[in-house]
>>> print(open('data.cif').read())   # mmCIF, N, CA and C atoms
data_my_file
loop_
_atom_site.label_atom_id
_atom_site.label_comp_id
_atom_site.auth_asym_id
_atom_site.auth_seq_id
_atom_site.Cartn_x
_atom_site.Cartn_y
_atom_site.Cartn_z
N MET A 1 -47.16 -6.94 -66.98
CA MET A 1 -46.53 -5.64 -66.76
C MET A 1 -45.01 -5.74 -66.87
N VAL A 2 -44.43 -6.81 -66.34
CA VAL A 2 -42.98 -6.98 -66.42
C VAL A 2 -42.55 -7.12 -67.87
N ASN A 3 -43.31 -7.89 -68.68
CA ASN A 3 -42.99 -8.02 -70.10
C ASN A 3 -43.01 -6.68 -70.82
N ALA A 4 -44.01 -5.85 -70.55
CA ALA A 4 -44.11 -4.54 -71.16
C ALA A 4 -42.93 -3.66 -70.75
N ARG A 5 -42.55 -3.73 -69.50
CA ARG A 5 -41.42 -2.94 -69.01
C ARG A 5 -40.13 -3.41 -69.69
N ASN A 6 -39.95 -4.72 -69.80
CA ASN A 6 -38.76 -5.25 -70.47
C ASN A 6 -38.72 -4.84 -71.94
N LYS A 7 -39.88 -4.91 -72.59
CA LYS A 7 -39.96 -4.51 -73.99
C LYS A 7 -39.62 -3.03 -74.12
N GLY A 8 -40.10 -2.23 -73.18
CA GLY A 8 -39.79 -0.80 -73.19
C GLY A 8 -38.31 -0.55 -73.02
N ARG A 9 -37.68 -1.26 -72.11
CA ARG A 9 -36.23 -1.11 -71.88
C ARG A 9 -35.44 -1.54 -73.12
N ARG A 10 -35.86 -2.64 -73.76
CA ARG A 10 -35.19 -3.08 -74.99
C ARG A 10 -35.35 -2.02 -76.08
N GLY A 11 -36.53 -1.44 -76.15
CA GLY A 11 -36.78 -0.38 -77.13
C GLY A 11 -35.88 0.83 -76.89
N GLU A 12 -35.76 1.23 -75.63
CA GLU A 12 -34.88 2.35 -75.30
C GLU A 12 -33.44 2.04 -75.72
N ARG A 13 -32.99 0.83 -75.45
CA ARG A 13 -31.63 0.42 -75.81
C ARG A 13 -31.45 0.44 -77.33
N GLU A 14 -32.46 -0.04 -78.07
CA GLU A 14 -32.39 -0.01 -79.53
C GLU A 14 -32.25 1.42 -80.05
N VAL A 15 -33.01 2.34 -79.47
CA VAL A 15 -32.97 3.74 -79.92
C VAL A 15 -31.62 4.36 -79.55
N ILE A 16 -31.13 4.08 -78.36
CA ILE A 16 -29.80 4.58 -77.98
C ILE A 16 -28.75 4.10 -78.99
N ASP A 17 -28.81 2.82 -79.35
CA ASP A 17 -27.85 2.27 -80.32
C ASP A 17 -28.02 2.92 -81.69
N ALA A 18 -29.25 3.13 -82.12
CA ALA A 18 -29.51 3.74 -83.42
C ALA A 18 -28.98 5.17 -83.47
N ILE A 19 -29.20 5.93 -82.41
CA ILE A 19 -28.74 7.33 -82.37
C ILE A 19 -27.21 7.37 -82.33
N LYS A 20 -26.62 6.44 -81.60
CA LYS A 20 -25.15 6.39 -81.58
C LYS A 20 -24.61 6.12 -82.98
N GLU A 21 -25.25 5.20 -83.70
CA GLU A 21 -24.82 4.89 -85.05
C GLU A 21 -25.05 6.06 -86.01
N LEU A 22 -26.18 6.74 -85.87
CA LEU A 22 -26.53 7.82 -86.78
C LEU A 22 -25.78 9.12 -86.50
N LEU A 23 -25.58 9.42 -85.21
CA LEU A 23 -25.01 10.72 -84.84
C LEU A 23 -23.68 10.63 -84.10
N GLY A 24 -23.34 9.42 -83.64
CA GLY A 24 -22.09 9.28 -82.92
C GLY A 24 -22.13 9.78 -81.49
N ILE A 25 -23.34 9.96 -80.94
CA ILE A 25 -23.45 10.39 -79.55
C ILE A 25 -24.17 9.31 -78.73
N GLU A 26 -23.83 9.22 -77.47
CA GLU A 26 -24.38 8.20 -76.57
C GLU A 26 -25.38 8.86 -75.63
N LEU A 27 -26.62 8.43 -75.71
CA LEU A 27 -27.65 8.92 -74.80
C LEU A 27 -27.76 7.99 -73.61
N GLU A 28 -28.49 8.43 -72.59
CA GLU A 28 -28.69 7.62 -71.38
C GLU A 28 -30.18 7.46 -71.11
N VAL A 29 -30.53 6.34 -70.50
CA VAL A 29 -31.91 6.13 -70.05
C VAL A 29 -32.15 7.03 -68.85
N ASN A 30 -33.31 7.66 -68.82
CA ASN A 30 -33.72 8.50 -67.70
C ASN A 30 -34.38 7.61 -66.65
N TYR A 31 -33.59 7.09 -65.73
CA TYR A 31 -34.13 6.19 -64.72
C TYR A 31 -35.04 6.90 -63.73
N ALA A 32 -34.93 8.22 -63.62
CA ALA A 32 -35.79 8.98 -62.72
C ALA A 32 -37.21 9.09 -63.26
N GLN A 33 -37.44 8.75 -64.53
CA GLN A 33 -38.77 8.87 -65.12
C GLN A 33 -39.81 8.03 -64.38
N THR A 34 -39.36 6.92 -63.80
CA THR A 34 -40.28 6.03 -63.09
C THR A 34 -40.91 6.75 -61.90
N PHE A 35 -40.15 7.60 -61.24
CA PHE A 35 -40.62 8.26 -60.04
C PHE A 35 -41.27 9.61 -60.32
N GLY A 36 -40.62 10.44 -61.13
CA GLY A 36 -41.12 11.80 -61.30
C GLY A 36 -41.59 12.13 -62.69
N GLY A 37 -41.74 11.13 -63.54
CA GLY A 37 -42.11 11.42 -64.92
C GLY A 37 -40.89 11.92 -65.67
N GLY A 38 -41.07 12.31 -66.88
CA GLY A 38 -39.97 12.79 -67.69
C GLY A 38 -39.79 11.91 -68.91
N HIS A 39 -39.07 12.46 -69.88
CA HIS A 39 -38.84 11.74 -71.13
C HIS A 39 -37.85 10.60 -70.91
N ASP A 40 -37.84 9.67 -71.87
CA ASP A 40 -37.13 8.40 -71.70
C ASP A 40 -35.61 8.49 -71.81
N LEU A 41 -35.11 9.30 -72.74
CA LEU A 41 -33.67 9.33 -73.00
C LEU A 41 -33.10 10.72 -72.76
N LEU A 42 -31.96 10.75 -72.13
CA LEU A 42 -31.29 12.01 -71.78
C LEU A 42 -30.04 12.21 -72.63
N GLY A 43 -29.73 13.47 -72.91
CA GLY A 43 -28.48 13.81 -73.55
C GLY A 43 -28.58 14.23 -75.00
N MET A 44 -29.80 14.33 -75.54
CA MET A 44 -29.98 14.73 -76.94
C MET A 44 -30.29 16.22 -77.01
N PRO A 45 -29.40 17.01 -77.58
CA PRO A 45 -29.67 18.44 -77.70
C PRO A 45 -30.98 18.70 -78.45
N GLY A 46 -31.78 19.60 -77.90
CA GLY A 46 -32.98 20.06 -78.58
C GLY A 46 -34.22 19.22 -78.43
N TYR A 47 -34.07 17.94 -78.10
CA TYR A 47 -35.21 17.03 -78.10
C TYR A 47 -35.39 16.28 -76.78
N ALA A 48 -36.64 16.12 -76.39
CA ALA A 48 -37.03 15.22 -75.30
C ALA A 48 -37.55 13.95 -75.96
N ILE A 49 -36.77 12.88 -75.88
CA ILE A 49 -37.10 11.66 -76.61
C ILE A 49 -37.92 10.71 -75.76
N GLU A 50 -39.06 10.31 -76.32
CA GLU A 50 -39.95 9.30 -75.74
C GLU A 50 -39.90 8.09 -76.66
N VAL A 51 -39.83 6.89 -76.09
CA VAL A 51 -39.69 5.66 -76.88
C VAL A 51 -40.87 4.73 -76.59
N LYS A 52 -41.49 4.20 -77.65
CA LYS A 52 -42.63 3.29 -77.50
C LYS A 52 -42.47 2.11 -78.45
N ARG A 53 -42.74 0.92 -77.92
CA ARG A 53 -42.79 -0.31 -78.74
C ARG A 53 -44.08 -1.05 -78.41
N ARG A 54 -44.71 -1.58 -79.45
CA ARG A 54 -45.96 -2.32 -79.29
C ARG A 54 -46.04 -3.41 -80.33
N LYS A 55 -46.84 -4.41 -80.01
CA LYS A 55 -47.09 -5.47 -80.99
C LYS A 55 -47.78 -4.89 -82.22
N ALA A 56 -48.80 -4.08 -81.98
CA ALA A 56 -49.53 -3.39 -83.05
C ALA A 56 -49.77 -1.96 -82.61
N ILE A 57 -49.75 -1.04 -83.55
CA ILE A 57 -49.89 0.38 -83.24
C ILE A 57 -51.07 0.96 -84.00
N THR A 58 -51.91 1.71 -83.30
CA THR A 58 -53.06 2.38 -83.90
C THR A 58 -52.81 3.89 -83.94
N GLN A 59 -53.62 4.59 -84.71
CA GLN A 59 -53.56 6.05 -84.73
C GLN A 59 -53.84 6.61 -83.34
N SER A 60 -54.72 5.96 -82.61
CA SER A 60 -55.01 6.39 -81.24
C SER A 60 -53.77 6.28 -80.35
N ASP A 61 -53.00 5.21 -80.52
CA ASP A 61 -51.74 5.06 -79.77
C ASP A 61 -50.82 6.24 -80.07
N ILE A 62 -50.67 6.55 -81.35
CA ILE A 62 -49.76 7.63 -81.73
C ILE A 62 -50.24 8.95 -81.14
N LYS A 63 -51.54 9.20 -81.16
CA LYS A 63 -52.07 10.43 -80.57
C LYS A 63 -51.78 10.48 -79.07
N ASN A 64 -52.04 9.39 -78.36
CA ASN A 64 -51.78 9.36 -76.92
C ASN A 64 -50.30 9.51 -76.61
N TRP A 65 -49.45 8.85 -77.39
CA TRP A 65 -48.01 8.97 -77.17
C TRP A 65 -47.53 10.37 -77.48
N TRP A 66 -48.11 10.99 -78.52
CA TRP A 66 -47.74 12.37 -78.84
C TRP A 66 -48.10 13.29 -77.68
N ASP A 67 -49.29 13.12 -77.12
CA ASP A 67 -49.70 13.91 -75.96
C ASP A 67 -48.68 13.78 -74.83
N GLN A 68 -48.28 12.54 -74.54
CA GLN A 68 -47.30 12.30 -73.49
C GLN A 68 -45.96 12.94 -73.84
N SER A 69 -45.52 12.80 -75.07
CA SER A 69 -44.25 13.38 -75.51
C SER A 69 -44.24 14.90 -75.34
N VAL A 70 -45.34 15.53 -75.71
CA VAL A 70 -45.44 16.99 -75.60
C VAL A 70 -45.39 17.41 -74.13
N ARG A 71 -46.13 16.71 -73.28
CA ARG A 71 -46.11 17.04 -71.83
C ARG A 71 -44.70 16.92 -71.27
N GLN A 72 -44.01 15.84 -71.60
CA GLN A 72 -42.65 15.63 -71.08
C GLN A 72 -41.70 16.69 -71.62
N ALA A 73 -41.81 17.01 -72.90
CA ALA A 73 -40.93 18.01 -73.52
C ALA A 73 -41.16 19.39 -72.93
N ASN A 74 -42.42 19.74 -72.69
CA ASN A 74 -42.73 21.05 -72.12
C ASN A 74 -42.11 21.24 -70.74
N LYS A 75 -42.01 20.15 -69.97
CA LYS A 75 -41.41 20.24 -68.63
C LYS A 75 -39.96 20.69 -68.67
N VAL A 76 -39.26 20.37 -69.76
CA VAL A 76 -37.83 20.66 -69.85
C VAL A 76 -37.51 21.63 -70.99
N ASP A 77 -38.53 22.25 -71.58
CA ASP A 77 -38.38 23.25 -72.63
C ASP A 77 -37.58 22.72 -73.83
N LEU A 78 -37.95 21.50 -74.28
CA LEU A 78 -37.35 20.90 -75.46
C LEU A 78 -38.45 20.53 -76.45
N LEU A 79 -38.08 20.16 -77.65
CA LEU A 79 -39.05 19.71 -78.64
C LEU A 79 -39.43 18.26 -78.37
N PRO A 80 -40.71 17.92 -78.54
CA PRO A 80 -41.08 16.51 -78.40
C PRO A 80 -40.52 15.69 -79.55
N CYS A 81 -40.10 14.49 -79.23
CA CYS A 81 -39.54 13.58 -80.22
C CYS A 81 -39.95 12.17 -79.82
N LEU A 82 -40.83 11.58 -80.59
CA LEU A 82 -41.40 10.26 -80.29
C LEU A 82 -40.83 9.23 -81.26
N TRP A 83 -40.08 8.28 -80.71
CA TRP A 83 -39.60 7.13 -81.49
C TRP A 83 -40.55 5.98 -81.20
N PHE A 84 -41.06 5.33 -82.24
CA PHE A 84 -41.98 4.21 -82.02
C PHE A 84 -41.78 3.15 -83.10
N ARG A 85 -42.11 1.94 -82.70
CA ARG A 85 -42.08 0.87 -83.68
C ARG A 85 -42.99 -0.26 -83.26
N GLN A 86 -43.60 -0.82 -84.26
CA GLN A 86 -44.43 -2.01 -84.12
C GLN A 86 -43.52 -3.22 -84.29
N ASP A 87 -43.89 -4.33 -83.67
CA ASP A 87 -43.10 -5.56 -83.82
C ASP A 87 -42.85 -5.86 -85.30
N ARG A 88 -41.65 -6.27 -85.60
CA ARG A 88 -41.22 -6.64 -86.95
C ARG A 88 -41.33 -5.49 -87.95
N ALA A 89 -41.20 -4.27 -87.47
CA ALA A 89 -41.23 -3.10 -88.35
C ALA A 89 -40.06 -2.18 -87.99
N ASP A 90 -39.80 -1.23 -88.86
CA ASP A 90 -38.72 -0.27 -88.63
C ASP A 90 -39.17 0.83 -87.66
N TRP A 91 -38.18 1.45 -87.04
CA TRP A 91 -38.45 2.59 -86.18
C TRP A 91 -38.95 3.76 -87.01
N LYS A 92 -39.86 4.53 -86.43
CA LYS A 92 -40.34 5.78 -87.01
C LYS A 92 -40.16 6.86 -85.94
N VAL A 93 -40.04 8.09 -86.39
CA VAL A 93 -39.83 9.21 -85.47
C VAL A 93 -40.86 10.28 -85.77
N ALA A 94 -41.53 10.76 -84.73
CA ALA A 94 -42.49 11.86 -84.88
C ALA A 94 -41.92 13.09 -84.19
N ILE A 95 -41.85 14.19 -84.95
CA ILE A 95 -41.40 15.48 -84.42
C ILE A 95 -42.34 16.56 -84.96
N PRO A 96 -42.36 17.73 -84.34
CA PRO A 96 -43.18 18.80 -84.89
C PRO A 96 -42.66 19.20 -86.27
N CYS A 97 -43.55 19.31 -87.24
CA CYS A 97 -43.18 19.74 -88.59
C CYS A 97 -42.70 21.20 -88.50
N PRO A 98 -41.45 21.47 -88.87
CA PRO A 98 -40.93 22.84 -88.74
C PRO A 98 -41.75 23.87 -89.53
N TYR A 99 -42.17 23.54 -90.73
CA TYR A 99 -42.95 24.47 -91.54
C TYR A 99 -44.29 24.79 -90.87
N SER A 100 -44.97 23.74 -90.39
CA SER A 100 -46.26 23.94 -89.72
C SER A 100 -46.10 24.72 -88.43
N SER A 101 -45.00 24.48 -87.71
CA SER A 101 -44.74 25.22 -86.48
C SER A 101 -44.51 26.69 -86.79
N GLU A 102 -43.67 26.93 -87.80
CA GLU A 102 -43.34 28.31 -88.18
C GLU A 102 -44.58 29.09 -88.61
N LYS A 103 -45.48 28.42 -89.32
CA LYS A 103 -46.69 29.07 -89.83
C LYS A 103 -47.86 29.02 -88.83
N ASN A 104 -47.63 28.39 -87.68
CA ASN A 104 -48.67 28.27 -86.65
C ASN A 104 -49.95 27.60 -87.15
N PHE A 105 -49.78 26.56 -87.99
CA PHE A 105 -50.95 25.83 -88.47
C PHE A 105 -51.65 25.09 -87.34
N PHE A 106 -50.87 24.50 -86.45
CA PHE A 106 -51.41 23.77 -85.31
C PHE A 106 -50.50 24.03 -84.11
N PRO A 107 -51.06 23.99 -82.91
CA PRO A 107 -50.19 24.05 -81.73
C PRO A 107 -49.43 22.73 -81.59
N VAL A 108 -48.31 22.76 -80.90
CA VAL A 108 -47.48 21.56 -80.77
C VAL A 108 -48.25 20.43 -80.09
N GLU A 109 -49.26 20.75 -79.29
CA GLU A 109 -50.05 19.74 -78.61
C GLU A 109 -50.95 18.94 -79.55
N ASP A 110 -51.22 19.48 -80.72
CA ASP A 110 -52.09 18.83 -81.69
C ASP A 110 -51.29 17.82 -82.51
N VAL A 111 -51.69 16.58 -82.50
CA VAL A 111 -50.96 15.52 -83.21
C VAL A 111 -50.86 15.82 -84.71
N ASN A 112 -51.73 16.69 -85.25
CA ASN A 112 -51.66 17.03 -86.67
C ASN A 112 -50.37 17.75 -87.05
N ILE A 113 -49.65 18.28 -86.08
CA ILE A 113 -48.38 18.95 -86.37
C ILE A 113 -47.23 17.96 -86.48
N ALA A 114 -47.45 16.74 -86.03
CA ALA A 114 -46.37 15.74 -86.00
C ALA A 114 -46.08 15.20 -87.39
N SER A 115 -44.84 15.31 -87.79
CA SER A 115 -44.37 14.67 -89.01
C SER A 115 -43.75 13.34 -88.62
N ILE A 116 -44.14 12.29 -89.28
CA ILE A 116 -43.58 10.96 -89.00
C ILE A 116 -42.54 10.69 -90.08
N ILE A 117 -41.28 10.55 -89.64
CA ILE A 117 -40.15 10.47 -90.55
C ILE A 117 -39.25 9.29 -90.17
N SER A 118 -38.28 9.02 -91.00
CA SER A 118 -37.32 7.95 -90.73
C SER A 118 -36.27 8.44 -89.72
N PRO A 119 -35.65 7.51 -89.02
CA PRO A 119 -34.55 7.90 -88.12
C PRO A 119 -33.42 8.61 -88.87
N GLU A 120 -33.18 8.22 -90.11
CA GLU A 120 -32.12 8.85 -90.90
C GLU A 120 -32.43 10.32 -91.19
N LEU A 121 -33.67 10.61 -91.55
CA LEU A 121 -34.05 12.02 -91.78
C LEU A 121 -33.99 12.79 -90.48
N TRP A 122 -34.48 12.20 -89.40
CA TRP A 122 -34.40 12.86 -88.10
C TRP A 122 -32.95 13.21 -87.75
N ALA A 123 -32.03 12.27 -87.98
CA ALA A 123 -30.61 12.52 -87.68
C ALA A 123 -30.06 13.65 -88.55
N ALA A 124 -30.45 13.70 -89.81
CA ALA A 124 -30.01 14.79 -90.69
C ALA A 124 -30.51 16.14 -90.17
N ILE A 125 -31.75 16.18 -89.72
CA ILE A 125 -32.32 17.40 -89.16
C ILE A 125 -31.56 17.79 -87.89
N ALA A 126 -31.31 16.82 -87.01
CA ALA A 126 -30.60 17.09 -85.75
C ALA A 126 -29.19 17.61 -86.04
N ARG A 127 -28.49 17.01 -87.01
CA ARG A 127 -27.15 17.48 -87.36
C ARG A 127 -27.20 18.93 -87.83
N GLU A 128 -28.17 19.22 -88.67
CA GLU A 128 -28.28 20.57 -89.23
C GLU A 128 -28.69 21.60 -88.17
N GLU A 129 -29.71 21.28 -87.39
CA GLU A 129 -30.25 22.23 -86.40
C GLU A 129 -29.32 22.47 -85.22
N TYR A 130 -28.64 21.41 -84.78
CA TYR A 130 -27.87 21.50 -83.53
C TYR A 130 -26.37 21.30 -83.73
N ASN A 131 -25.95 21.19 -85.00
CA ASN A 131 -24.54 21.06 -85.33
C ASN A 131 -23.86 19.96 -84.50
N ILE A 132 -24.47 18.79 -84.51
CA ILE A 132 -23.95 17.68 -83.74
C ILE A 132 -23.79 16.45 -84.61
N GLY A 133 -23.05 15.51 -84.10
CA GLY A 133 -23.03 14.17 -84.67
C GLY A 133 -22.11 14.00 -85.85
N THR A 134 -22.07 12.79 -86.29
CA THR A 134 -21.23 12.37 -87.39
C THR A 134 -21.78 12.91 -88.69
N ARG A 135 -20.91 13.44 -89.52
CA ARG A 135 -21.34 13.99 -90.81
C ARG A 135 -21.34 12.94 -91.91
N ASP A 136 -20.48 11.95 -91.81
CA ASP A 136 -20.34 10.93 -92.86
C ASP A 136 -21.20 9.73 -92.54
N ILE A 137 -22.42 9.75 -92.98
CA ILE A 137 -23.35 8.64 -92.76
C ILE A 137 -23.32 7.75 -94.00
N ILE A 138 -23.13 6.48 -93.78
CA ILE A 138 -23.10 5.52 -94.89
C ILE A 138 -24.52 5.02 -95.10
N THR A 139 -25.02 5.17 -96.30
CA THR A 139 -26.35 4.65 -96.62
C THR A 139 -26.22 3.55 -97.65
N GLU A 140 -27.14 2.62 -97.60
CA GLU A 140 -27.12 1.51 -98.55
C GLU A 140 -28.03 1.79 -99.70
#
>>> encode(input="data.cif", output="structure tokens")
Amino acid sequence: MVNARNKGRRGEREVIDAIKELLGIELEVNYAQTFGGGHDLLGMPGYAIEVKRRKAITQSDIKNWWDQSVRQANKVDLLPCLWFRQDRADWKVAIPCPYSSEKNFFPVEDVNIASIISPELWAAIAREEYNIGTRDIITE
């Protein structure tokens, strides 16, 4: 359990660093989540960010994490935003697909509405939707 908690904390730190690099804003760990629930990272306009790291990830994991992300986001009236990564892999971000949401194809609780995208695309969407962050992103 301690190893999983440490891995989770390292994952949260990695995501905080990635968002700072992508958007130029500094998020904070939600230390109150241990006691009262809640999403993992605080300070991101529009999104309740949940962070997950695992040795291996299954579709079932993503569905369960999406369920948790939606519950946490609903508590604070924000969009669910799930950052996840498998060991030795890049971060991925799941958010509700705006087109599917607009057309009411699926409710936000249904994992079928989740678009899995790169952190870079997520940051571009966040900049556009919430007018935040650094505009000059260097890509390789």
>>> resolve_selection(input="data.cif", expression="the PyMOL selection byres (((chain A and resi 48 and name CA) around 6) and name CA)", output="ChimeraX atom specification")
/A:39,47,49,73,78-81
>>> resolve_selection(input="data.cif", expression="the PyMOL selection byres ((chain A and resi 84) around 7)", output="list of chain:residue names")
A:Glu50, A:Val51, A:Lys52, A:Arg53, A:Arg54, A:Leu82, A:Trp83, A:Arg85, A:Gln86, A:Asp90, A:Trp91, A:Lys92, A:Val93, A:Ala94
>>> closest_residue(input="data.cif", among="A:Ile62, A:Leu22, A:Val76, A:Ile116", to="Gly133 (chain A)", atoms="only C-alpha atoms")
A:Leu22
>>> select_by_dssp(input="data.cif", residues="region 43-95 of chain A", states="helix (DSSP H, G or I)", output="PyMOL selection string")
chain A and resi 59-76
>>> resolve_selection(input="data.cif", expression="the PyMOL selection byres (((chain A and resi 26 and name CA) around 8) and name CA)", output="compact mmCIF listing (two decimals) with N, CA and C atoms, in the coordinates of the input")
# COMPACT_ATOMS: atom_id res chain seq x y z
N ILE A 16 -31.13 4.08 -78.36
CA ILE A 16 -29.80 4.58 -77.98
C ILE A 16 -28.75 4.10 -78.99
N ASP A 17 -28.81 2.82 -79.35
CA ASP A 17 -27.85 2.27 -80.32
C ASP A 17 -28.02 2.92 -81.69
N ILE A 19 -29.20 5.93 -82.41
CA ILE A 19 -28.74 7.33 -82.37
C ILE A 19 -27.21 7.37 -82.33
N LYS A 20 -26.62 6.44 -81.60
CA LYS A 20 -25.15 6.39 -81.58
C LYS A 20 -24.61 6.12 -82.98
N GLY A 24 -23.34 9.42 -83.64
CA GLY A 24 -22.09 9.28 -82.92
C GLY A 24 -22.13 9.78 -81.49
N ILE A 25 -23.34 9.96 -80.94
CA ILE A 25 -23.45 10.39 -79.55
C ILE A 25 -24.17 9.31 -78.73
N LEU A 27 -26.62 8.43 -75.71
CA LEU A 27 -27.65 8.92 -74.80
C LEU A 27 -27.76 7.99 -73.61
N GLU A 28 -28.49 8.43 -72.59
CA GLU A 28 -28.69 7.62 -71.38
C GLU A 28 -30.18 7.46 -71.11
N GLY A 43 -29.73 13.47 -72.91
CA GLY A 43 -28.48 13.81 -73.55
C GLY A 43 -28.58 14.23 -75.00
>>> select_by_dssp(input="data.cif", residues="chain A", states="strand (DSSP E or B)", output="ChimeraX atom specification")
/A:28-29,41-42,47-54,79-86,92-96,114-117
>>> atom_distance(input="data.cif", atom1="atom N of Cys97 (chain A)", atom2="CA of Trp66 (chain A)")
11.7 Å
>>> closest_residue(input="data.cif", among="A:Asn64, A:Ala123, A:Val70, A:Ala18", to="Glu109 (chain A)", atoms="all atoms listed in the file")
A:Val70
>>> closest_residue(input="data.cif", among="A:Gln72, A:Asn112, A:Asn30, A:Asn104", to="Gln59 (chain A)", atoms="only C-alpha atoms")
A:Asn112
>>> atom_distance(input="data.cif", atom1="CA of Leu23 (chain A)", atom2="atom N of Leu41 (chain A)")
15.8 Å
>>> residues_around(input="data.cif", residues="Asp110 (chain A)", least_positions_apart="2", cutoff="8 Å", atoms="all atoms listed in the file", output="ChimeraX atom specification")
/A:63,66-67,106-108,112-114
>>> write_last_selection(input="data.cif", atoms="N, CA and C atoms", output="PDB file, in the frame of the given file")
ATOM      1  N   LYS A  63     -51.540   9.200 -81.160  1.00  0.00           N
ATOM      2  CA  LYS A  63     -52.070  10.430 -80.570  1.00  0.00           C
ATOM      3  C   LYS A  63     -51.780  10.480 -79.070  1.00  0.00           C
ATOM      4  N   TRP A  66     -48.110  10.990 -78.520  1.00  0.00           N
ATOM      5  CA  TRP A  66     -47.740  12.370 -78.840  1.00  0.00           C
ATOM      6  C   TRP A  66     -48.100  13.290 -77.680  1.00  0.00           C
ATOM      7  N   ASP A  67     -49.290  13.120 -77.120  1.00  0.00           N
ATOM      8  CA  ASP A  67     -49.700  13.910 -75.960  1.00  0.00           C
ATOM      9  C   ASP A  67     -48.680  13.780 -74.830  1.00  0.00           C
ATOM     10  N   PHE A 106     -50.870  24.500 -86.450  1.00  0.00           N
ATOM     11  CA  PHE A 106     -51.410  23.770 -85.310  1.00  0.00           C
ATOM     12  C   PHE A 106     -50.500  24.030 -84.110  1.00  0.00           C
ATOM     13  N   PRO A 107     -51.060  23.990 -82.910  1.00  0.00           N
ATOM     14  CA  PRO A 107     -50.190  24.050 -81.730  1.00  0.00           C
ATOM     15  C   PRO A 107     -49.430  22.730 -81.590  1.00  0.00           C
ATOM     16  N   VAL A 108     -48.310  22.760 -80.900  1.00  0.00           N
ATOM     17  CA  VAL A 108     -47.480  21.560 -80.770  1.00  0.00           C
ATOM     18  C   VAL A 108     -48.250  20.430 -80.090  1.00  0.00           C
ATOM     19  N   ASN A 112     -51.730  16.690 -85.250  1.00  0.00           N
ATOM     20  CA  ASN A 112     -51.660  17.030 -86.670  1.00  0.00           C
ATOM     21  C   ASN A 112     -50.370  17.750 -87.050  1.00  0.00           C
ATOM     22  N   ILE A 113     -49.650  18.280 -86.080  1.00  0.00           N
ATOM     23  CA  ILE A 113     -48.380  18.950 -86.370  1.00  0.00           C
ATOM     24  C   ILE A 113     -47.230  17.960 -86.480  1.00  0.00           C
ATOM     25  N   ALA A 114     -47.450  16.740 -86.030  1.00  0.00           N
ATOM     26  CA  ALA A 114     -46.370  15.740 -86.000  1.00  0.00           C
ATOM     27  C   ALA A 114     -46.080  15.200 -87.390  1.00  0.00           C
TER      28      ALA A 114
END
>>> atom_distance(input="data.cif", atom1="atom N of Asp87 (chain A)", atom2="CA of Ile57 (chain A)")
7.6 Å
